[in-house]
file query_34.pdb (PDB, C-alpha atoms, pLDDT in the B column)
ATOM      1  CA  MET A  22      10.805  -1.034 -28.404  1.00 44.00           C
ATOM      2  CA  GLN A  23      12.268  -3.580 -30.749  1.00 49.00           C
ATOM      3  CA  ASP A  24      14.882  -5.971 -29.515  1.00 53.00           C
ATOM      4  CA  TYR A  25      17.334  -4.695 -32.130  1.00 52.00           C
ATOM      5  CA  PRO A  26      20.990  -3.712 -31.554  1.00 56.00           C
ATOM      6  CA  CYS A  27      21.555  -1.101 -28.871  1.00 64.00           C
ATOM      7  CA  TYR A  28      24.495   1.256 -29.142  1.00 76.00           C
ATOM      8  CA  LYS A  29      27.497   0.792 -26.870  1.00 83.00           C
ATOM      9  CA  SER A  30      29.684   3.598 -25.530  1.00 88.00           C
ATOM     10  CA  TRP A  31      32.676   3.856 -23.241  1.00 89.00           C
ATOM     11  CA  ILE A  32      34.901   6.336 -21.439  1.00 89.00           C
ATOM     12  CA  ASP A  33      38.641   5.787 -21.089  1.00 90.00           C
ATOM     13  CA  ALA A  34      40.895   7.475 -18.532  1.00 87.00           C
ATOM     14  CA  PHE A  35      44.612   7.860 -19.150  1.00 92.00           C
ATOM     15  CA  THR A  36      47.579   8.708 -16.951  1.00 93.00           C
ATOM     16  CA  ASN A  37      49.791  11.737 -17.588  1.00 94.00           C
ATOM     17  CA  THR A  38      52.140   9.455 -19.543  1.00 96.00           C
ATOM     18  CA  GLY A  39      49.351   8.231 -21.845  1.00 95.00           C
ATOM     19  CA  GLU A  40      48.806   4.788 -20.326  1.00 96.00           C
ATOM     20  CA  LEU A  41      45.251   3.486 -20.027  1.00 96.00           C
ATOM     21  CA  LYS A  42      44.163   3.770 -16.395  1.00 92.00           C
ATOM     22  CA  TRP A  43      40.578   2.482 -16.621  1.00 90.00           C
ATOM     23  CA  THR A  44      37.630   1.987 -18.974  1.00 92.00           C
ATOM     24  CA  TYR A  45      33.932   2.243 -18.149  1.00 90.00           C
ATOM     25  CA  ASN A  46      31.393   0.735 -20.584  1.00 90.00           C
ATOM     26  CA  PHE A  47      27.791   1.854 -21.132  1.00 85.00           C
ATOM     27  CA  ASP A  48      24.747   0.596 -22.969  1.00 82.00           C
ATOM     28  CA  GLY A  49      23.466   3.393 -25.180  1.00 82.00           C
ATOM     29  CA  THR A  50      24.887   6.691 -26.342  1.00 83.00           C
ATOM     30  CA  VAL A  51      26.759   9.120 -24.114  1.00 87.00           C
ATOM     31  CA  VAL A  52      24.802  12.377 -24.325  1.00 86.00           C
ATOM     32  CA  SER A  53      26.646  14.547 -21.828  1.00 90.00           C
ATOM     33  CA  THR A  54      29.555  14.403 -19.370  1.00 91.00           C
ATOM     34  CA  VAL A  55      30.305  16.774 -16.493  1.00 93.00           C
ATOM     35  CA  LEU A  56      33.031  16.856 -13.855  1.00 92.00           C
ATOM     36  CA  GLY A  57      31.295  17.749 -10.599  1.00 93.00           C
ATOM     37  CA  ASN A  58      32.630  19.797  -7.689  1.00 92.00           C
ATOM     38  CA  ASP A  59      32.848  16.507  -5.759  1.00 91.00           C
ATOM     39  CA  ASN A  60      35.403  15.159  -8.326  1.00 88.00           C
ATOM     40  CA  LEU A  61      32.890  12.658  -9.693  1.00 91.00           C
ATOM     41  CA  ILE A  62      32.368  12.340 -13.444  1.00 91.00           C
ATOM     42  CA  TYR A  63      28.636  12.448 -14.225  1.00 94.00           C
ATOM     43  CA  ILE A  64      27.571  10.828 -17.497  1.00 92.00           C
ATOM     44  CA  LEU A  65      24.102  10.935 -19.038  1.00 91.00           C
ATOM     45  CA  THR A  66      23.277   8.136 -21.481  1.00 88.00           C
ATOM     46  CA  ASN A  67      20.252   7.529 -23.696  1.00 83.00           C
ATOM     47  CA  ILE A  68      19.409   3.929 -24.503  1.00 78.00           C
ATOM     48  CA  TYR A  69      17.164   3.250 -27.455  1.00 68.00           C
ATOM     49  CA  THR A  70      17.142   0.699 -30.228  1.00 54.00           C
ATOM     50  CA  TYR A  71      17.454   1.087 -33.978  1.00 54.00           C
ATOM     51  CA  SER A  72      14.816  -0.509 -36.177  1.00 54.00           C
ATOM     52  CA  LYS A  73      15.279  -1.509 -39.787  1.00 55.00           C
ATOM     53  CA  LYS A  74      12.760   1.213 -40.691  1.00 58.00           C
ATOM     54  CA  GLY A  75      14.875   3.967 -39.144  1.00 57.00           C
ATOM     55  CA  TRP A  76      14.710   5.799 -35.833  1.00 57.00           C
ATOM     56  CA  LYS A  77      11.079   4.837 -35.262  1.00 56.00           C
ATOM     57  CA  ASP A  78      11.442   4.547 -31.470  1.00 53.00           C
ATOM     58  CA  LYS A  79      13.849   7.455 -31.066  1.00 56.00           C
ATOM     59  CA  MET A  80      11.480   9.451 -28.846  1.00 56.00           C
ATOM     60  CA  ILE A  81      10.958   6.524 -26.463  1.00 61.00           C
ATOM     61  CA  GLY A  82      14.266   6.336 -24.697  1.00 68.00           C
ATOM     62  CA  LYS A  83      15.685   5.146 -21.439  1.00 78.00           C
ATOM     63  CA  TRP A  84      17.811   7.804 -19.756  1.00 82.00           C
ATOM     64  CA  GLU A  85      20.472   6.793 -17.240  1.00 87.00           C
ATOM     65  CA  LEU A  86      22.735   8.958 -15.084  1.00 89.00           C
ATOM     66  CA  HIS A  87      26.082   7.449 -14.017  1.00 88.00           C
ATOM     67  CA  ALA A  88      28.525   8.790 -11.436  1.00 91.00           C
ATOM     68  CA  ILE A  89      32.125   7.567 -11.674  1.00 88.00           C
ATOM     69  CA  GLY A  90      34.956   8.224  -9.263  1.00 83.00           C
ATOM     70  CA  SER A  91      35.565   8.394  -5.538  1.00 69.00           C
ATOM     71  CA  CYS A  92      34.786  11.207  -3.130  1.00 55.00           C
TER
END
call {"tool": "encode", "arguments": {"input": "query_34.pdb", "output": "structure tokens"}}
result
Amino acid sequence: MQDYPCYKSWIDAFTNTGELKWTYNFDGTVVSTVLGNDNLIYILTNIYTYSKKGWKDKMIGKWELHAIGSC
């Protein structure tokens, strides 16, 4: 893949009063999020680069699964 800009994503958590509690940053695009029975937040990201010619490398992606939280 080209060494062209990769998308950045993030997830913010807020308290009941609307104050920022934490932020978690990702390389790539967040594709899906799920709250598991174990109270972990599971996040699937897809990392691919954008070429000047369009989404040439779109099908060649790097998938990552993140688990955030404490059991």
call {"tool": "atom_distance", "arguments": {"input": "query_34.pdb", "atom1": "atom CA of A:Thr44", "atom2": "atom CA of A:Ile32"}}
result
5.7 Å
call {"tool": "closest_residue", "arguments": {"input": "query_34.pdb", "among": "A:Ile68, A:Lys83, A:Gly39, A:Trp31", "to": "A:Thr54", "atoms": "only C-alpha atoms"}}
result
A:Trp31
call {"tool": "resolve_selection", "arguments": {"input": "query_34.pdb", "expression": "the PyMOL selection byres ((chain A and resi 67) around 9)", "output": "list in words"}}
result
Asp48, Gly49, Thr50, Val51, Val52, Leu65, Thr66, Ile68, Tyr69, Gly82, Lys83, Trp84 and Glu85 of chain A
call {"tool": "resolve_selection", "arguments": {"input": "query_34.pdb", "expression": "the PyMOL selection byres ((chain A and resi 90) around 10)", "output": "PyMOL selection string"}}
result
chain A and resi 56+59-63+88-89+91-92
call {"tool": "atom_distance", "arguments": {"input": "query_34.pdb", "atom1": "atom CA of A:Asn46", "atom2": "atom CA of A:Ala34"}}
result
11.8 Å
call {"tool": "atom_distance", "arguments": {"input": "query_34.pdb", "atom1": "atom CA of A:Tyr28", "atom2": "atom CA of A:Asn58"}}
result
29.5 Å
call {"tool": "build_atoms", "arguments": {"input": "query_34.pdb", "residues": "stretch 50-61 of chain A", "atoms": "all heavy atoms", "output": "PDB file, in the frame of the given file"}}
result
ATOM      1  N   THR A  50      24.051   5.608 -25.851  1.00 83.00           N
ATOM      2  CA  THR A  50      24.887   6.691 -26.342  1.00 83.00           C
ATOM      3  C   THR A  50      25.163   7.691 -25.223  1.00 83.00           C
ATOM      4  O   THR A  50      24.243   8.095 -24.522  1.00 83.00           O
ATOM      5  CB  THR A  50      24.164   7.422 -27.493  1.00 83.00           C
ATOM      6  OG1 THR A  50      23.853   6.478 -28.509  1.00 83.00           O
ATOM      7  CG2 THR A  50      25.022   8.516 -28.076  1.00 83.00           C
ATOM      8  N   VAL A  51      26.414   8.082 -25.080  1.00 87.00           N
ATOM      9  CA  VAL A  51      26.759   9.120 -24.114  1.00 87.00           C
ATOM     10  C   VAL A  51      26.255  10.452 -24.667  1.00 87.00           C
ATOM     11  O   VAL A  51      26.621  10.868 -25.757  1.00 87.00           O
ATOM     12  CB  VAL A  51      28.282   9.174 -23.858  1.00 87.00           C
ATOM     13  CG1 VAL A  51      28.636  10.372 -22.988  1.00 87.00           C
ATOM     14  CG2 VAL A  51      28.760   7.891 -23.214  1.00 87.00           C
ATOM     15  N   VAL A  52      25.391  11.113 -23.901  1.00 86.00           N
ATOM     16  CA  VAL A  52      24.802  12.377 -24.325  1.00 86.00           C
ATOM     17  C   VAL A  52      25.574  13.551 -23.746  1.00 86.00           C
ATOM     18  O   VAL A  52      25.804  14.556 -24.418  1.00 86.00           O
ATOM     19  CB  VAL A  52      23.318  12.441 -23.898  1.00 86.00           C
ATOM     20  CG1 VAL A  52      22.710  13.781 -24.239  1.00 86.00           C
ATOM     21  CG2 VAL A  52      22.535  11.309 -24.534  1.00 86.00           C
ATOM     22  N   SER A  53      25.981  13.433 -22.480  1.00 90.00           N
ATOM     23  CA  SER A  53      26.646  14.547 -21.828  1.00 90.00           C
ATOM     24  C   SER A  53      27.549  14.024 -20.712  1.00 90.00           C
ATOM     25  O   SER A  53      27.237  13.026 -20.072  1.00 90.00           O
ATOM     26  CB  SER A  53      25.593  15.489 -21.244  1.00 90.00           C
ATOM     27  OG  SER A  53      26.197  16.576 -20.591  1.00 90.00           O
ATOM     28  N   THR A  54      28.666  14.715 -20.489  1.00 91.00           N
ATOM     29  CA  THR A  54      29.555  14.403 -19.370  1.00 91.00           C
ATOM     30  C   THR A  54      29.902  15.696 -18.645  1.00 91.00           C
ATOM     31  O   THR A  54      30.070  16.740 -19.266  1.00 91.00           O
ATOM     32  CB  THR A  54      30.860  13.730 -19.831  1.00 91.00           C
ATOM     33  OG1 THR A  54      31.527  14.591 -20.744  1.00 91.00           O
ATOM     34  CG2 THR A  54      30.600  12.404 -20.493  1.00 91.00           C
ATOM     35  N   VAL A  55      29.989  15.603 -17.319  1.00 93.00           N
ATOM     36  CA  VAL A  55      30.305  16.774 -16.493  1.00 93.00           C
ATOM     37  C   VAL A  55      31.192  16.318 -15.349  1.00 93.00           C
ATOM     38  O   VAL A  55      30.960  15.263 -14.752  1.00 93.00           O
ATOM     39  CB  VAL A  55      29.017  17.402 -15.916  1.00 93.00           C
ATOM     40  CG1 VAL A  55      29.335  18.524 -14.958  1.00 93.00           C
ATOM     41  CG2 VAL A  55      28.102  17.891 -17.018  1.00 93.00           C
ATOM     42  N   LEU A  56      32.221  17.094 -15.041  1.00 92.00           N
ATOM     43  CA  LEU A  56      33.031  16.856 -13.855  1.00 92.00           C
ATOM     44  C   LEU A  56      32.445  17.705 -12.740  1.00 92.00           C
ATOM     45  O   LEU A  56      32.422  18.930 -12.821  1.00 92.00           O
ATOM     46  CB  LEU A  56      34.493  17.232 -14.098  1.00 92.00           C
ATOM     47  CG  LEU A  56      35.429  17.080 -12.908  1.00 92.00           C
ATOM     48  CD1 LEU A  56      35.461  15.625 -12.428  1.00 92.00           C
ATOM     49  CD2 LEU A  56      36.820  17.550 -13.253  1.00 92.00           C
ATOM     50  N   GLY A  57      31.947  17.044 -11.695  1.00 93.00           N
ATOM     51  CA  GLY A  57      31.295  17.749 -10.599  1.00 93.00           C
ATOM     52  C   GLY A  57      32.292  18.327  -9.603  1.00 93.00           C
ATOM     53  O   GLY A  57      33.473  17.969  -9.593  1.00 93.00           O
ATOM     54  N   ASN A  58      31.806  19.212  -8.736  1.00 92.00           N
ATOM     55  CA  ASN A  58      32.630  19.797  -7.689  1.00 92.00           C
ATOM     56  C   ASN A  58      33.137  18.747  -6.704  1.00 92.00           C
ATOM     57  O   ASN A  58      34.096  18.991  -5.983  1.00 92.00           O
ATOM     58  CB  ASN A  58      31.845  20.874  -6.929  1.00 92.00           C
ATOM     59  CG  ASN A  58      31.599  22.093  -7.780  1.00 92.00           C
ATOM     60  OD1 ASN A  58      32.326  22.351  -8.727  1.00 92.00           O
ATOM     61  ND2 ASN A  58      30.558  22.840  -7.465  1.00 92.00           N
ATOM     62  N   ASP A  59      32.464  17.593  -6.657  1.00 91.00           N
ATOM     63  CA  ASP A  59      32.848  16.507  -5.759  1.00 91.00           C
ATOM     64  C   ASP A  59      33.850  15.550  -6.406  1.00 91.00           C
ATOM     65  O   ASP A  59      34.085  14.464  -5.910  1.00 91.00           O
ATOM     66  CB  ASP A  59      31.613  15.747  -5.291  1.00 91.00           C
ATOM     67  CG  ASP A  59      30.742  15.270  -6.443  1.00 91.00           C
ATOM     68  OD1 ASP A  59      31.125  15.480  -7.624  1.00 91.00           O
ATOM     69  OD2 ASP A  59      29.673  14.701  -6.179  1.00 91.00           O
ATOM     70  N   ASN A  60      34.423  15.946  -7.553  1.00 88.00           N
ATOM     71  CA  ASN A  60      35.403  15.159  -8.326  1.00 88.00           C
ATOM     72  C   ASN A  60      34.832  13.872  -8.897  1.00 88.00           C
ATOM     73  O   ASN A  60      35.587  12.973  -9.246  1.00 88.00           O
ATOM     74  CB  ASN A  60      36.660  14.867  -7.512  1.00 88.00           C
ATOM     75  CG  ASN A  60      37.498  16.109  -7.335  1.00 88.00           C
ATOM     76  OD1 ASN A  60      37.548  16.952  -8.226  1.00 88.00           O
ATOM     77  ND2 ASN A  60      38.135  16.239  -6.197  1.00 88.00           N
ATOM     78  N   LEU A  61      33.524  13.776  -9.002  1.00 91.00           N
ATOM     79  CA  LEU A  61      32.890  12.658  -9.693  1.00 91.00           C
ATOM     80  C   LEU A  61      32.629  13.068 -11.140  1.00 91.00           C
ATOM     81  O   LEU A  61      32.365  14.237 -11.428  1.00 91.00           O
ATOM     82  CB  LEU A  61      31.573  12.268  -9.026  1.00 91.00           C
ATOM     83  CG  LEU A  61      31.655  11.671  -7.631  1.00 91.00           C
ATOM     84  CD1 LEU A  61      30.246  11.406  -7.097  1.00 91.00           C
ATOM     85  CD2 LEU A  61      32.463  10.389  -7.624  1.00 91.00           C
TER      86      LEU A  61
END
